[in-house]
Amino acid sequence: MQGITVLNPDELGQDPAVGMDLALALGVGHLEIRTAYGSNALVLDDAQLREVRRLADERGLRVAALASPLWKWCRPEAVPGKVDSFGFPTQVPAEDRERWVDRALTVADILDTDRVRVFSHLSVGEQTETFLGDPLLTYALKTAERAGVRLLLENEPVCTVAEPAPLLDVLREHTGLGLWLDLGNLYEVGHGTAEAVEALAPYVEYVHIKDYVPRDDGMKQFVAAGAGDVPYSDLLPALHRLRPVLPYALETHVRESPGDALTSGAAFLRGAVPGGLT
């Protein structure tokens, strides 16, 4: 069996039909939904979500995952740095958070997907919250299990759990939680090695693919997958050896010519993952 290629329509803008049409042209049958119509998916109303689902269904596309912003937040009294939360607030009162968990599961149900991404609290100095013992995580995992949904933790550098050791601590403690492994993020925090991937592989259920080169100002210049510095020639075979069937989602972040980046990225992935991808 082969893994699958996943495309996020909002890489091409806020009209999801445009990205879906590119997916069809590239022979990609699965989508990741993060934003549409100018709003985060969790903020869209049910009618808008049903329209996204209708557009996918009429093209024969399946939603592989909901890229939710859950836990990419801090308390209102904390001050986060520059964070891309894709239209969702980064300062969320504790009393509102359970409601957002419930909303994410409702959105997943409307989109007919059983994978929902979560993060691990923003790092905000002394105001930083702990993810491992967060009672909301226990609630969310139990509620998701009842709904037939898997929560998958992304290794996000601006959040508290991004390196292999703390990731493994959380995943071993919470067996109902899977790993949404972003290989570009793993490289960014200094662990872009085959050894790190092999340690994390047993928990991986979804993979984000992006690539970049460093700029002179210390920022990143995002490029098509395979055209940057992330050592995919080491990382992808190491992951495939232990987890041969996974969804690989292109998250290029390329702002200029995103369609070209997705096209070349899909071709790169299909050639770089041993056995290819559908």
# chains A, B, ... in the order shown; residues from 1 in each chain; ligands from 1
call {"tool": "select_by_dssp", "arguments": {"residues": "region 43-89 of chain A", "states": "strand (DSSP E or B)", "output": "list in words"}}
result
Arg62, Val63, Ala64, Ala65, Leu66 and Cys74 of chain A
call {"tool": "write_last_selection", "arguments": {"atoms": "C-alpha atoms", "output": "PDB file, in the first residue's frame"}}
result
ATOM      1  CA  ARG A  62     -11.904  13.563   0.640  1.00  0.00           C
ATOM      2  CA  VAL A  63     -10.924  15.749   3.588  1.00  0.00           C
ATOM      3  CA  ALA A  64      -7.945  14.002   5.158  1.00  0.00           C
ATOM      4  CA  ALA A  65      -7.588  16.361   8.119  1.00  0.00           C
ATOM      5  CA  LEU A  66      -8.785  19.502   9.847  1.00  0.00           C
ATOM      6  CA  CYS A  74      -2.207  31.691  25.613  1.00  0.00           C
TER       7      CYS A  74
END
call {"tool": "residues_around", "arguments": {"residues": "Leu277 (chain A)", "least_positions_apart": "4", "cutoff": "9 Å", "atoms": "only C-alpha atoms", "output": "PDB file with all heavy atoms, in the first residue's frame"}}
result
ATOM      1  N   GLN A   2       0.345   2.305  -0.639  1.00  0.00           N
ATOM      2  CA  GLN A   2       1.065   3.568  -0.718  1.00  0.00           C
ATOM      3  C   GLN A   2       0.441   4.595   0.223  1.00  0.00           C
ATOM      4  O   GLN A   2      -0.728   4.505   0.595  1.00  0.00           O
ATOM      5  CB  GLN A   2       1.002   4.110  -2.142  1.00  0.00           C
ATOM      6  CG  GLN A   2       1.764   3.287  -3.172  1.00  0.00           C
ATOM      7  CD  GLN A   2       1.575   3.860  -4.561  1.00  0.00           C
ATOM      8  OE1 GLN A   2       0.463   3.994  -5.048  1.00  0.00           O
ATOM      9  NE2 GLN A   2       2.678   4.217  -5.188  1.00  0.00           N
ATOM     10  N   GLY A   3       1.262   5.580   0.591  1.00  0.00           N
ATOM     11  CA  GLY A   3       0.735   6.720   1.297  1.00  0.00           C
ATOM     12  C   GLY A   3      -0.010   7.631   0.339  1.00  0.00           C
ATOM     13  O   GLY A   3      -0.103   7.363  -0.865  1.00  0.00           O
ATOM     14  N   ILE A   4      -0.559   8.723   0.864  1.00  0.00           N
ATOM     15  CA  ILE A   4      -1.342   9.635   0.037  1.00  0.00           C
ATOM     16  C   ILE A   4      -0.756  11.043   0.096  1.00  0.00           C
ATOM     17  O   ILE A   4      -0.133  11.441   1.072  1.00  0.00           O
ATOM     18  CB  ILE A   4      -2.818   9.673   0.475  1.00  0.00           C
ATOM     19  CG1 ILE A   4      -2.959  10.157   1.927  1.00  0.00           C
ATOM     20  CG2 ILE A   4      -3.472   8.306   0.287  1.00  0.00           C
ATOM     21  CD1 ILE A   4      -4.403  10.382   2.363  1.00  0.00           C
ATOM     22  N   THR A   5      -0.957  11.772  -0.996  1.00  0.00           N
ATOM     23  CA  THR A   5      -0.604  13.186  -1.059  1.00  0.00           C
ATOM     24  C   THR A   5      -1.821  14.013  -0.688  1.00  0.00           C
ATOM     25  O   THR A   5      -2.938  13.711  -1.118  1.00  0.00           O
ATOM     26  CB  THR A   5      -0.140  13.565  -2.477  1.00  0.00           C
ATOM     27  OG1 THR A   5       0.819  12.620  -2.944  1.00  0.00           O
ATOM     28  CG2 THR A   5       0.485  14.949  -2.486  1.00  0.00           C
ATOM     29  N   VAL A 245       2.854   3.777   5.235  1.00  0.00           N
ATOM     30  CA  VAL A 245       1.585   4.292   4.695  1.00  0.00           C
ATOM     31  C   VAL A 245       1.124   5.473   5.547  1.00  0.00           C
ATOM     32  O   VAL A 245       0.589   5.289   6.643  1.00  0.00           O
ATOM     33  CB  VAL A 245       0.499   3.197   4.670  1.00  0.00           C
ATOM     34  CG1 VAL A 245      -0.785   3.755   4.056  1.00  0.00           C
ATOM     35  CG2 VAL A 245       0.969   1.982   3.895  1.00  0.00           C
ATOM     36  N   PRO A 247      -0.339   9.902   5.313  1.00  0.00           N
ATOM     37  CA  PRO A 247      -0.704  11.068   4.508  1.00  0.00           C
ATOM     38  C   PRO A 247       0.429  12.103   4.573  1.00  0.00           C
ATOM     39  O   PRO A 247       0.920  12.425   5.660  1.00  0.00           O
ATOM     40  CB  PRO A 247      -1.967  11.606   5.190  1.00  0.00           C
ATOM     41  CG  PRO A 247      -2.295  10.642   6.292  1.00  0.00           C
ATOM     42  CD  PRO A 247      -1.052   9.891   6.602  1.00  0.00           C
ATOM     43  N   TYR A 248       0.829  12.621   3.415  1.00  0.00           N
ATOM     44  CA  TYR A 248       1.853  13.656   3.324  1.00  0.00           C
ATOM     45  C   TYR A 248       1.202  14.920   2.764  1.00  0.00           C
ATOM     46  O   TYR A 248       0.802  14.957   1.601  1.00  0.00           O
ATOM     47  CB  TYR A 248       2.995  13.217   2.414  1.00  0.00           C
ATOM     48  CG  TYR A 248       3.864  12.128   2.998  1.00  0.00           C
ATOM     49  CD1 TYR A 248       3.480  10.794   2.932  1.00  0.00           C
ATOM     50  CD2 TYR A 248       5.071  12.436   3.620  1.00  0.00           C
ATOM     51  CE1 TYR A 248       4.286   9.790   3.463  1.00  0.00           C
ATOM     52  CE2 TYR A 248       5.880  11.441   4.156  1.00  0.00           C
ATOM     53  CZ  TYR A 248       5.475  10.128   4.071  1.00  0.00           C
ATOM     54  OH  TYR A 248       6.270   9.143   4.608  1.00  0.00           O
ATOM     55  N   LEU A 269       7.533  14.984  -3.910  1.00  0.00           N
ATOM     56  CA  LEU A 269       7.119  14.026  -2.878  1.00  0.00           C
ATOM     57  C   LEU A 269       6.913  12.629  -3.455  1.00  0.00           C
ATOM     58  O   LEU A 269       7.331  11.635  -2.870  1.00  0.00           O
ATOM     59  CB  LEU A 269       5.825  14.509  -2.236  1.00  0.00           C
ATOM     60  CG  LEU A 269       5.890  15.195  -0.892  1.00  0.00           C
ATOM     61  CD1 LEU A 269       4.484  15.482  -0.399  1.00  0.00           C
ATOM     62  CD2 LEU A 269       6.655  14.364   0.127  1.00  0.00           C
ATOM     63  N   ARG A 270       6.250  12.574  -4.596  1.00  0.00           N
ATOM     64  CA  ARG A 270       5.941  11.266  -5.182  1.00  0.00           C
ATOM     65  C   ARG A 270       7.205  10.533  -5.591  1.00  0.00           C
ATOM     66  O   ARG A 270       7.233   9.300  -5.610  1.00  0.00           O
ATOM     67  CB  ARG A 270       5.003  11.450  -6.367  1.00  0.00           C
ATOM     68  CG  ARG A 270       3.584  11.780  -5.926  1.00  0.00           C
ATOM     69  CD  ARG A 270       2.718  12.269  -7.048  1.00  0.00           C
ATOM     70  NE  ARG A 270       1.303  12.304  -6.642  1.00  0.00           N
ATOM     71  CZ  ARG A 270       0.371  13.000  -7.263  1.00  0.00           C
ATOM     72  NH1 ARG A 270       0.689  13.728  -8.337  1.00  0.00           N
ATOM     73  NH2 ARG A 270      -0.884  12.975  -6.834  1.00  0.00           N
ATOM     74  N   GLY A 271       8.245  11.294  -5.889  1.00  0.00           N
ATOM     75  CA  GLY A 271       9.507  10.646  -6.226  1.00  0.00           C
ATOM     76  C   GLY A 271      10.401  10.390  -5.035  1.00  0.00           C
ATOM     77  O   GLY A 271      11.251   9.491  -5.073  1.00  0.00           O
ATOM     78  N   VAL A 273       9.389   9.821  -1.647  1.00  0.00           N
ATOM     79  CA  VAL A 273       8.916   8.831  -0.701  1.00  0.00           C
ATOM     80  C   VAL A 273       9.051   7.453  -1.345  1.00  0.00           C
ATOM     81  O   VAL A 273       8.492   7.214  -2.420  1.00  0.00           O
ATOM     82  CB  VAL A 273       7.442   9.079  -0.298  1.00  0.00           C
ATOM     83  CG1 VAL A 273       6.920   7.955   0.593  1.00  0.00           C
ATOM     84  CG2 VAL A 273       7.312  10.431   0.402  1.00  0.00           C
TER      85      VAL A 273
END
call {"tool": "atom_distance", "arguments": {"atom1": "CA of Glu95 (chain A)", "atom2": "CA of Thr128 (chain A)"}}
result
17.0 Å
call {"tool": "residues_around", "arguments": {"residues": "Asp96 (chain A)", "least_positions_apart": "4", "cutoff": "12 Å", "atoms": "only C-alpha atoms", "output": "PDB file with N, CA, C and O atoms, in the first residue's frame"}}
result
ATOM      1  N   LEU A  70      -6.337  24.619  17.705  1.00  0.00           N
ATOM      2  CA  LEU A  70      -6.488  24.338  19.127  1.00  0.00           C
ATOM      3  C   LEU A  70      -5.134  24.321  19.845  1.00  0.00           C
ATOM      4  O   LEU A  70      -4.174  23.706  19.379  1.00  0.00           O
ATOM      5  N   TRP A  71      -5.072  24.966  20.985  1.00  0.00           N
ATOM      6  CA  TRP A  71      -3.886  25.090  21.835  1.00  0.00           C
ATOM      7  C   TRP A  71      -2.784  25.973  21.234  1.00  0.00           C
ATOM      8  O   TRP A  71      -1.726  26.101  21.830  1.00  0.00           O
ATOM      9  N   TRP A  73      -2.509  28.964  21.556  1.00  0.00           N
ATOM     10  CA  TRP A  73      -3.065  30.097  22.277  1.00  0.00           C
ATOM     11  C   TRP A  73      -2.352  30.296  23.608  1.00  0.00           C
ATOM     12  O   TRP A  73      -1.535  29.476  24.044  1.00  0.00           O
ATOM     13  N   CYS A  74      -2.670  31.412  24.256  1.00  0.00           N
ATOM     14  CA  CYS A  74      -2.207  31.691  25.613  1.00  0.00           C
ATOM     15  C   CYS A  74      -3.345  32.413  26.334  1.00  0.00           C
ATOM     16  O   CYS A  74      -4.379  32.724  25.745  1.00  0.00           O
ATOM     17  N   ARG A  75      -3.157  32.678  27.614  1.00  0.00           N
ATOM     18  CA  ARG A  75      -4.177  33.398  28.382  1.00  0.00           C
ATOM     19  C   ARG A  75      -4.246  34.861  27.911  1.00  0.00           C
ATOM     20  O   ARG A  75      -3.274  35.406  27.391  1.00  0.00           O
ATOM     21  N   PRO A  76      -5.375  35.525  28.138  1.00  0.00           N
ATOM     22  CA  PRO A  76      -5.512  36.919  27.701  1.00  0.00           C
ATOM     23  C   PRO A  76      -4.481  37.863  28.318  1.00  0.00           C
ATOM     24  O   PRO A  76      -4.118  38.874  27.707  1.00  0.00           O
ATOM     25  N   PRO A  89      -7.962  33.638  17.206  1.00  0.00           N
ATOM     26  CA  PRO A  89      -7.307  34.418  18.264  1.00  0.00           C
ATOM     27  C   PRO A  89      -6.205  33.628  18.962  1.00  0.00           C
ATOM     28  O   PRO A  89      -6.328  32.421  19.163  1.00  0.00           O
ATOM     29  N   GLN A  91      -5.054  34.708  22.024  1.00  0.00           N
ATOM     30  CA  GLN A  91      -5.318  34.889  23.452  1.00  0.00           C
ATOM     31  C   GLN A  91      -6.749  34.418  23.731  1.00  0.00           C
ATOM     32  O   GLN A  91      -7.715  35.051  23.309  1.00  0.00           O
ATOM     33  N   VAL A  92      -6.866  33.301  24.432  1.00  0.00           N
ATOM     34  CA  VAL A  92      -8.170  32.663  24.622  1.00  0.00           C
ATOM     35  C   VAL A  92      -8.389  32.417  26.110  1.00  0.00           C
ATOM     36  O   VAL A  92      -7.601  31.719  26.760  1.00  0.00           O
ATOM     37  N   TRP A 100     -14.255  25.606  22.216  1.00  0.00           N
ATOM     38  CA  TRP A 100     -13.544  25.516  20.948  1.00  0.00           C
ATOM     39  C   TRP A 100     -13.167  24.070  20.620  1.00  0.00           C
ATOM     40  O   TRP A 100     -13.159  23.671  19.451  1.00  0.00           O
ATOM     41  N   VAL A 101     -12.868  23.287  21.620  1.00  0.00           N
ATOM     42  CA  VAL A 101     -12.632  21.852  21.386  1.00  0.00           C
ATOM     43  C   VAL A 101     -13.886  21.213  20.806  1.00  0.00           C
ATOM     44  O   VAL A 101     -13.838  20.470  19.811  1.00  0.00           O
ATOM     45  N   ASP A 102     -15.019  21.493  21.427  1.00  0.00           N
ATOM     46  CA  ASP A 102     -16.280  20.940  20.940  1.00  0.00           C
ATOM     47  C   ASP A 102     -16.559  21.407  19.507  1.00  0.00           C
ATOM     48  O   ASP A 102     -17.039  20.631  18.666  1.00  0.00           O
ATOM     49  N   ARG A 103     -16.269  22.670  19.239  1.00  0.00           N
ATOM     50  CA  ARG A 103     -16.508  23.195  17.893  1.00  0.00           C
ATOM     51  C   ARG A 103     -15.629  22.488  16.862  1.00  0.00           C
ATOM     52  O   ARG A 103     -16.092  22.161  15.760  1.00  0.00           O
ATOM     53  N   LEU A 136      -7.697  20.123  30.078  1.00  0.00           N
ATOM     54  CA  LEU A 136      -8.460  20.249  28.843  1.00  0.00           C
ATOM     55  C   LEU A 136      -8.051  19.176  27.837  1.00  0.00           C
ATOM     56  O   LEU A 136      -8.881  18.693  27.061  1.00  0.00           O
TER      57      LEU A 136
END
call {"tool": "residues_around", "arguments": {"residues": "Arg243 (chain A)", "least_positions_apart": "3", "cutoff": "8 Å", "atoms": "only C-alpha atoms", "output": "MDAnalysis selection string"}}
result
chainID A and resid 201:202 204 239:240 246
call {"tool": "write_last_selection", "arguments": {"atoms": "C-alpha atoms", "output": "PDB file, in the first residue's frame"}}
result
ATOM      1  CA  ALA A 201       7.975   7.370  13.825  1.00  0.00           C
ATOM      2  CA  PRO A 202       5.851   4.976  15.940  1.00  0.00           C
ATOM      3  CA  VAL A 204       3.338   9.579  13.430  1.00  0.00           C
ATOM      4  CA  LEU A 239      10.137   7.627   8.156  1.00  0.00           C
ATOM      5  CA  HIS A 240       8.982   5.318   5.375  1.00  0.00           C
ATOM      6  CA  LEU A 246       0.992   7.902   5.777  1.00  0.00           C
TER       7      LEU A 246
END
call {"tool": "closest_residue", "arguments": {"among": "A:Thr138, A:Asn185, A:Gln221, A:Ser68", "to": "His208 (chain A)", "atoms": "only C-alpha atoms"}}
result
A:Asn185
call {"tool": "atom_distance", "arguments": {"atom1": "CA of Pro237 (chain A)", "atom2": "CA of Met1 (chain A)"}}
result
15.6 Å
call {"tool": "residues_around", "arguments": {"residues": "Leu105 (chain A)", "least_positions_apart": "6", "cutoff": "10 Å", "atoms": "only C-alpha atoms", "output": "PyMOL selection string"}}
result
chain A and resi 42+66+68+111+113-116+140+143-144+147-151
call {"tool": "write_last_selection", "arguments": {"atoms": "all heavy atoms", "output": "JSON list (two decimals), in the first residue's frame"}}
result
[["chain", "number", "residue", "atom", "x", "y", "z"],
["A", 42, "LEU", "N", -12.66, 26.88, 12.14],
["A", 42, "LEU", "CA", -13.45, 26.80, 13.37],
["A", 42, "LEU", "C", -14.42, 27.96, 13.51],
["A", 42, "LEU", "O", -15.40, 27.86, 14.26],
["A", 42, "LEU", "CB", -12.53, 26.74, 14.59],
["A", 42, "LEU", "CG", -12.17, 25.34, 15.10],
["A", 42, "LEU", "CD1", -11.42, 24.56, 14.04],
["A", 42, "LEU", "CD2", -11.36, 25.42, 16.37],
["A", 66, "LEU", "N", -8.47, 18.13, 9.47],
["A", 66, "LEU", "CA", -8.79, 19.50, 9.85],
["A", 66, "LEU", "C", -7.56, 20.08, 10.55],
["A", 66, "LEU", "O", -7.17, 19.60, 11.62],
["A", 66, "LEU", "CB", -10.00, 19.53, 10.77],
["A", 66, "LEU", "CG", -10.31, 20.86, 11.46],
["A", 66, "LEU", "CD1", -10.64, 21.94, 10.45],
["A", 66, "LEU", "CD2", -11.44, 20.69, 12.47],
["A", 68, "SER", "N", -6.73, 22.38, 12.67],
["A", 68, "SER", "CA", -7.30, 23.31, 13.64],
["A", 68, "SER", "C", -6.21, 24.07, 14.38],
["A", 68, "SER", "O", -5.06, 23.64, 14.43],
["A", 68, "SER", "CB", -8.18, 22.54, 14.65],
["A", 68, "SER", "OG", -7.45, 22.23, 15.82],
["A", 111, "LEU", "N", -17.12, 18.10, 7.89],
["A", 111, "LEU", "CA", -16.17, 17.88, 6.79],
["A", 111, "LEU", "C", -15.90, 16.39, 6.55],
["A", 111, "LEU", "O", -15.23, 16.05, 5.58],
["A", 111, "LEU", "CB", -14.86, 18.60, 7.09],
["A", 111, "LEU", "CG", -14.92, 20.12, 7.16],
["A", 111, "LEU", "CD1", -13.56, 20.69, 7.57],
["A", 111, "LEU", "CD2", -15.39, 20.72, 5.83],
["A", 113, "THR", "N", -14.08, 14.17, 8.39],
["A", 113, "THR", "CA", -12.69, 13.76, 8.61],
["A", 113, "THR", "C", -12.53, 13.27, 10.04],
["A", 113, "THR", "O", -13.25, 13.70, 10.94],
["A", 113, "THR", "CB", -11.71, 14.91, 8.33],
["A", 113, "THR", "OG1", -10.37, 14.42, 8.47],
["A", 113, "THR", "CG2", -11.90, 16.08, 9.29],
["A", 114, "ASP", "N", -11.58, 12.38, 10.24],
["A", 114, "ASP", "CA", -11.35, 11.83, 11.58],
["A", 114, "ASP", "C", -9.98, 12.21, 12.13],
["A", 114, "ASP", "O", -9.50, 11.60, 13.07],
["A", 114, "ASP", "CB", -11.51, 10.31, 11.58],
["A", 114, "ASP", "CG", -10.54, 9.61, 10.63],
["A", 114, "ASP", "OD1", -9.75, 10.30, 9.94],
["A", 114, "ASP", "OD2", -10.59, 8.37, 10.55],
["A", 115, "ARG", "N", -9.35, 13.25, 11.54],
["A", 115, "ARG", "CA", -8.07, 13.75, 12.05],
["A", 115, "ARG", "C", -8.19, 15.24, 12.34],
["A", 115, "ARG", "O", -8.62, 16.00, 11.47],
["A", 115, "ARG", "CB", -6.93, 13.54, 11.06],
["A", 115, "ARG", "CG", -6.64, 12.10, 10.66],
["A", 115, "ARG", "CD", -5.46, 12.07, 9.70],
["A", 115, "ARG", "NE", -5.18, 10.74, 9.17],
["A", 115, "ARG", "CZ", -5.65, 10.28, 8.01],
["A", 115, "ARG", "NH1", -6.44, 11.06, 7.27],
["A", 115, "ARG", "NH2", -5.35, 9.07, 7.59],
["A", 116, "VAL", "N", -7.78, 15.65, 13.54],
["A", 116, "VAL", "CA", -7.82, 17.06, 13.94],
["A", 116, "VAL", "C", -6.49, 17.43, 14.57],
["A", 116, "VAL", "O", -6.04, 16.78, 15.53],
["A", 116, "VAL", "CB", -8.97, 17.35, 14.93],
["A", 116, "VAL", "CG1", -8.89, 18.77, 15.46],
["A", 116, "VAL", "CG2", -10.32, 17.11, 14.26],
["A", 140, "ALA", "N", -10.47, 16.70, 25.96],
["A", 140, "ALA", "CA", -10.51, 16.67, 24.50],
["A", 140, "ALA", "C", -10.29, 15.26, 23.96],
["A", 140, "ALA", "O", -10.96, 14.82, 23.01],
["A", 140, "ALA", "CB", -9.46, 17.62, 23.93],
["A", 143, "THR", "N", -13.44, 13.15, 24.59],
["A", 143, "THR", "CA", -14.53, 13.58, 23.72],
["A", 143, "THR", "C", -14.26, 13.19, 22.27],
["A", 143, "THR", "O", -15.17, 12.74, 21.55],
["A", 143, "THR", "CB", -14.73, 15.10, 23.83],
["A", 143, "THR", "OG1", -14.86, 15.47, 25.20],
["A", 143, "THR", "CG2", -15.96, 15.55, 23.07],
["A", 144, "ALA", "N", -13.01, 13.35, 21.84],
["A", 144, "ALA", "CA", -12.65, 12.96, 20.47],
["A", 144, "ALA", "C", -12.81, 11.47, 20.26],
["A", 144, "ALA", "O", -13.29, 11.02, 19.21],
["A", 144, "ALA", "CB", -11.22, 13.40, 20.18],
["A", 147, "ALA", "N", -16.22, 10.57, 19.55],
["A", 147, "ALA", "CA", -16.63, 11.05, 18.22],
["A", 147, "ALA", "C", -15.93, 10.30, 17.09],
["A", 147, "ALA", "O", -16.21, 10.56, 15.92],
["A", 147, "ALA", "CB", -16.35, 12.54, 18.10],
["A", 148, "GLY", "N", -15.03, 9.39, 17.42],
["A", 148, "GLY", "CA", -14.29, 8.66, 16.40],
["A", 148, "GLY", "C", -13.23, 9.50, 15.70],
["A", 148, "GLY", "O", -12.92, 9.26, 14.53],
["A", 149, "VAL", "N", -12.66, 10.46, 16.43],
["A", 149, "VAL", "CA", -11.67, 11.40, 15.88],
["A", 149, "VAL", "C", -10.35, 11.23, 16.61],
["A", 149, "VAL", "O", -10.32, 11.04, 17.83],
["A", 149, "VAL", "CB", -12.17, 12.86, 16.02],
["A", 149, "VAL", "CG1", -11.07, 13.85, 15.69],
["A", 149, "VAL", "CG2", -13.38, 13.09, 15.12],
["A", 150, "ARG", "N", -9.26, 11.32, 15.85],
["A", 150, "ARG", "CA", -7.92, 11.30, 16.43],
["A", 150, "ARG", "C", -7.39, 12.72, 16.51],
["A", 150, "ARG", "O", -7.38, 13.47, 15.52],
["A", 150, "ARG", "CB", -6.96, 10.47, 15.57],
["A", 150, "ARG", "CG", -7.20, 8.98, 15.65],
["A", 150, "ARG", "CD", -6.71, 8.38, 16.93],
["A", 150, "ARG", "NE", -5.25, 8.33, 17.00],
["A", 150, "ARG", "CZ", -4.59, 7.91, 18.07],
["A", 150, "ARG", "NH1", -5.24, 7.57, 19.17],
["A", 150, "ARG", "NH2", -3.26, 7.85, 18.05],
["A", 151, "LEU", "N", -6.94, 13.12, 17.70],
["A", 151, "LEU", "CA", -6.24, 14.38, 17.86],
["A", 151, "LEU", "C", -4.76, 14.15, 17.62],
["A", 151, "LEU", "O", -4.18, 13.21, 18.18],
["A", 151, "LEU", "CB", -6.47, 14.96, 19.26],
["A", 151, "LEU", "CG", -7.92, 15.25, 19.66],
["A", 151, "LEU", "CD1", -7.95, 15.90, 21.03],
["A", 151, "LEU", "CD2", -8.62, 16.12, 18.62]]
call {"tool": "closest_residue", "arguments": {"among": "A:Leu242, A:Leu132, A:Ala199, A:Ala36", "to": "Gly87 (chain A)", "atoms": "only C-alpha atoms"}}
result
A:Ala36
call {"tool": "closest_residue", "arguments": {"among": "A:Arg54, A:Arg117, A:Arg59, A:His191", "to": "Ala25 (chain A)", "atoms": "only C-alpha atoms"}}
result
A:Arg59
call {"tool": "residues_around", "arguments": {"residues": "Glu256 (chain A)", "least_positions_apart": "2", "cutoff": "12 Å", "atoms": "only C-alpha atoms", "output": "list in words"}}
result
Glu11, Leu12, Gly13, Gln221, Phe222, Val223, Ala224, Thr252, His253, Val254, Pro258, Gly259, Asp260, Ala261 and Leu262 of chain A
call {"tool": "write_last_selection", "arguments": {"atoms": "N, CA, C and O atoms", "output": "PDB file, in the first residue's frame"}}
result
ATOM      1  N   GLU A  11      -3.732  27.336   0.312  1.00  0.00           N
ATOM      2  CA  GLU A  11      -2.437  27.752  -0.230  1.00  0.00           C
ATOM      3  C   GLU A  11      -2.635  28.626  -1.476  1.00  0.00           C
ATOM      4  O   GLU A  11      -1.776  29.443  -1.815  1.00  0.00           O
ATOM      5  N   LEU A  12      -3.763  28.449  -2.160  1.00  0.00           N
ATOM      6  CA  LEU A  12      -4.045  29.211  -3.376  1.00  0.00           C
ATOM      7  C   LEU A  12      -5.024  30.342  -3.148  1.00  0.00           C
ATOM      8  O   LEU A  12      -5.418  31.027  -4.090  1.00  0.00           O
ATOM      9  N   GLY A  13      -5.475  30.546  -1.905  1.00  0.00           N
ATOM     10  CA  GLY A  13      -6.406  31.618  -1.626  1.00  0.00           C
ATOM     11  C   GLY A  13      -7.624  31.127  -0.871  1.00  0.00           C
ATOM     12  O   GLY A  13      -7.719  29.959  -0.503  1.00  0.00           O
ATOM     13  N   GLN A 221      13.015  31.915   3.795  1.00  0.00           N
ATOM     14  CA  GLN A 221      12.410  32.053   2.479  1.00  0.00           C
ATOM     15  C   GLN A 221      11.829  30.704   2.096  1.00  0.00           C
ATOM     16  O   GLN A 221      12.556  29.746   1.857  1.00  0.00           O
ATOM     17  N   PHE A 222      10.495  30.614   2.088  1.00  0.00           N
ATOM     18  CA  PHE A 222       9.858  29.344   1.771  1.00  0.00           C
ATOM     19  C   PHE A 222       9.939  29.074   0.274  1.00  0.00           C
ATOM     20  O   PHE A 222       9.750  29.977  -0.551  1.00  0.00           O
ATOM     21  N   VAL A 223      10.210  27.832  -0.038  1.00  0.00           N
ATOM     22  CA  VAL A 223      10.354  27.404  -1.428  1.00  0.00           C
ATOM     23  C   VAL A 223       9.594  26.092  -1.598  1.00  0.00           C
ATOM     24  O   VAL A 223       9.123  25.488  -0.635  1.00  0.00           O
ATOM     25  N   ALA A 224       9.492  25.640  -2.832  1.00  0.00           N
ATOM     26  CA  ALA A 224       8.816  24.376  -3.097  1.00  0.00           C
ATOM     27  C   ALA A 224       9.547  23.229  -2.406  1.00  0.00           C
ATOM     28  O   ALA A 224      10.776  23.252  -2.255  1.00  0.00           O
ATOM     29  N   THR A 252       3.255  24.627   1.749  1.00  0.00           N
ATOM     30  CA  THR A 252       4.423  25.300   1.199  1.00  0.00           C
ATOM     31  C   THR A 252       4.704  26.657   1.832  1.00  0.00           C
ATOM     32  O   THR A 252       5.853  27.059   1.955  1.00  0.00           O
ATOM     33  N   HIS A 253       3.647  27.413   2.195  1.00  0.00           N
ATOM     34  CA  HIS A 253       3.781  28.804   2.648  1.00  0.00           C
ATOM     35  C   HIS A 253       4.389  29.700   1.575  1.00  0.00           C
ATOM     36  O   HIS A 253       4.786  30.832   1.866  1.00  0.00           O
ATOM     37  N   VAL A 254       4.505  29.234   0.347  1.00  0.00           N
ATOM     38  CA  VAL A 254       5.064  30.045  -0.736  1.00  0.00           C
ATOM     39  C   VAL A 254       4.008  31.039  -1.201  1.00  0.00           C
ATOM     40  O   VAL A 254       2.906  30.648  -1.584  1.00  0.00           O
ATOM     41  N   PRO A 258       2.184  30.166  -5.782  1.00  0.00           N
ATOM     42  CA  PRO A 258       1.934  28.995  -4.938  1.00  0.00           C
ATOM     43  C   PRO A 258       1.508  27.770  -5.736  1.00  0.00           C
ATOM     44  O   PRO A 258       1.810  26.638  -5.347  1.00  0.00           O
ATOM     45  N   GLY A 259       0.809  27.973  -6.847  1.00  0.00           N
ATOM     46  CA  GLY A 259       0.413  26.831  -7.664  1.00  0.00           C
ATOM     47  C   GLY A 259       1.607  26.092  -8.216  1.00  0.00           C
ATOM     48  O   GLY A 259       1.638  24.850  -8.246  1.00  0.00           O
ATOM     49  N   ASP A 260       2.611  26.847  -8.648  1.00  0.00           N
ATOM     50  CA  ASP A 260       3.831  26.211  -9.155  1.00  0.00           C
ATOM     51  C   ASP A 260       4.542  25.454  -8.040  1.00  0.00           C
ATOM     52  O   ASP A 260       5.077  24.356  -8.254  1.00  0.00           O
ATOM     53  N   ALA A 261       4.560  26.048  -6.837  1.00  0.00           N
ATOM     54  CA  ALA A 261       5.221  25.393  -5.704  1.00  0.00           C
ATOM     55  C   ALA A 261       4.518  24.095  -5.335  1.00  0.00           C
ATOM     56  O   ALA A 261       5.161  23.085  -5.032  1.00  0.00           O
ATOM     57  N   LEU A 262       3.194  24.116  -5.355  1.00  0.00           N
ATOM     58  CA  LEU A 262       2.448  22.899  -5.040  1.00  0.00           C
ATOM     59  C   LEU A 262       2.640  21.840  -6.126  1.00  0.00           C
ATOM     60  O   LEU A 262       2.772  20.648  -5.830  1.00  0.00           O
TER      61      LEU A 262
END
call {"tool": "atom_distance", "arguments": {"atom1": "CA of Ala23 (chain A)", "atom2": "CA of Asp45 (chain A)"}}
result
24.4 Å
call {"tool": "closest_residue", "arguments": {"among": "A:Thr278, A:Asn40, A:Ser120, A:Thr130", "to": "Val161 (chain A)", "atoms": "only C-alpha atoms"}}
result
A:Ser120
call {"tool": "closest_residue", "arguments": {"among": "A:Leu168, A:Leu137, A:Ala267, A:Leu200", "to": "Val118 (chain A)", "atoms": "only C-alpha atoms"}}
result
A:Leu137
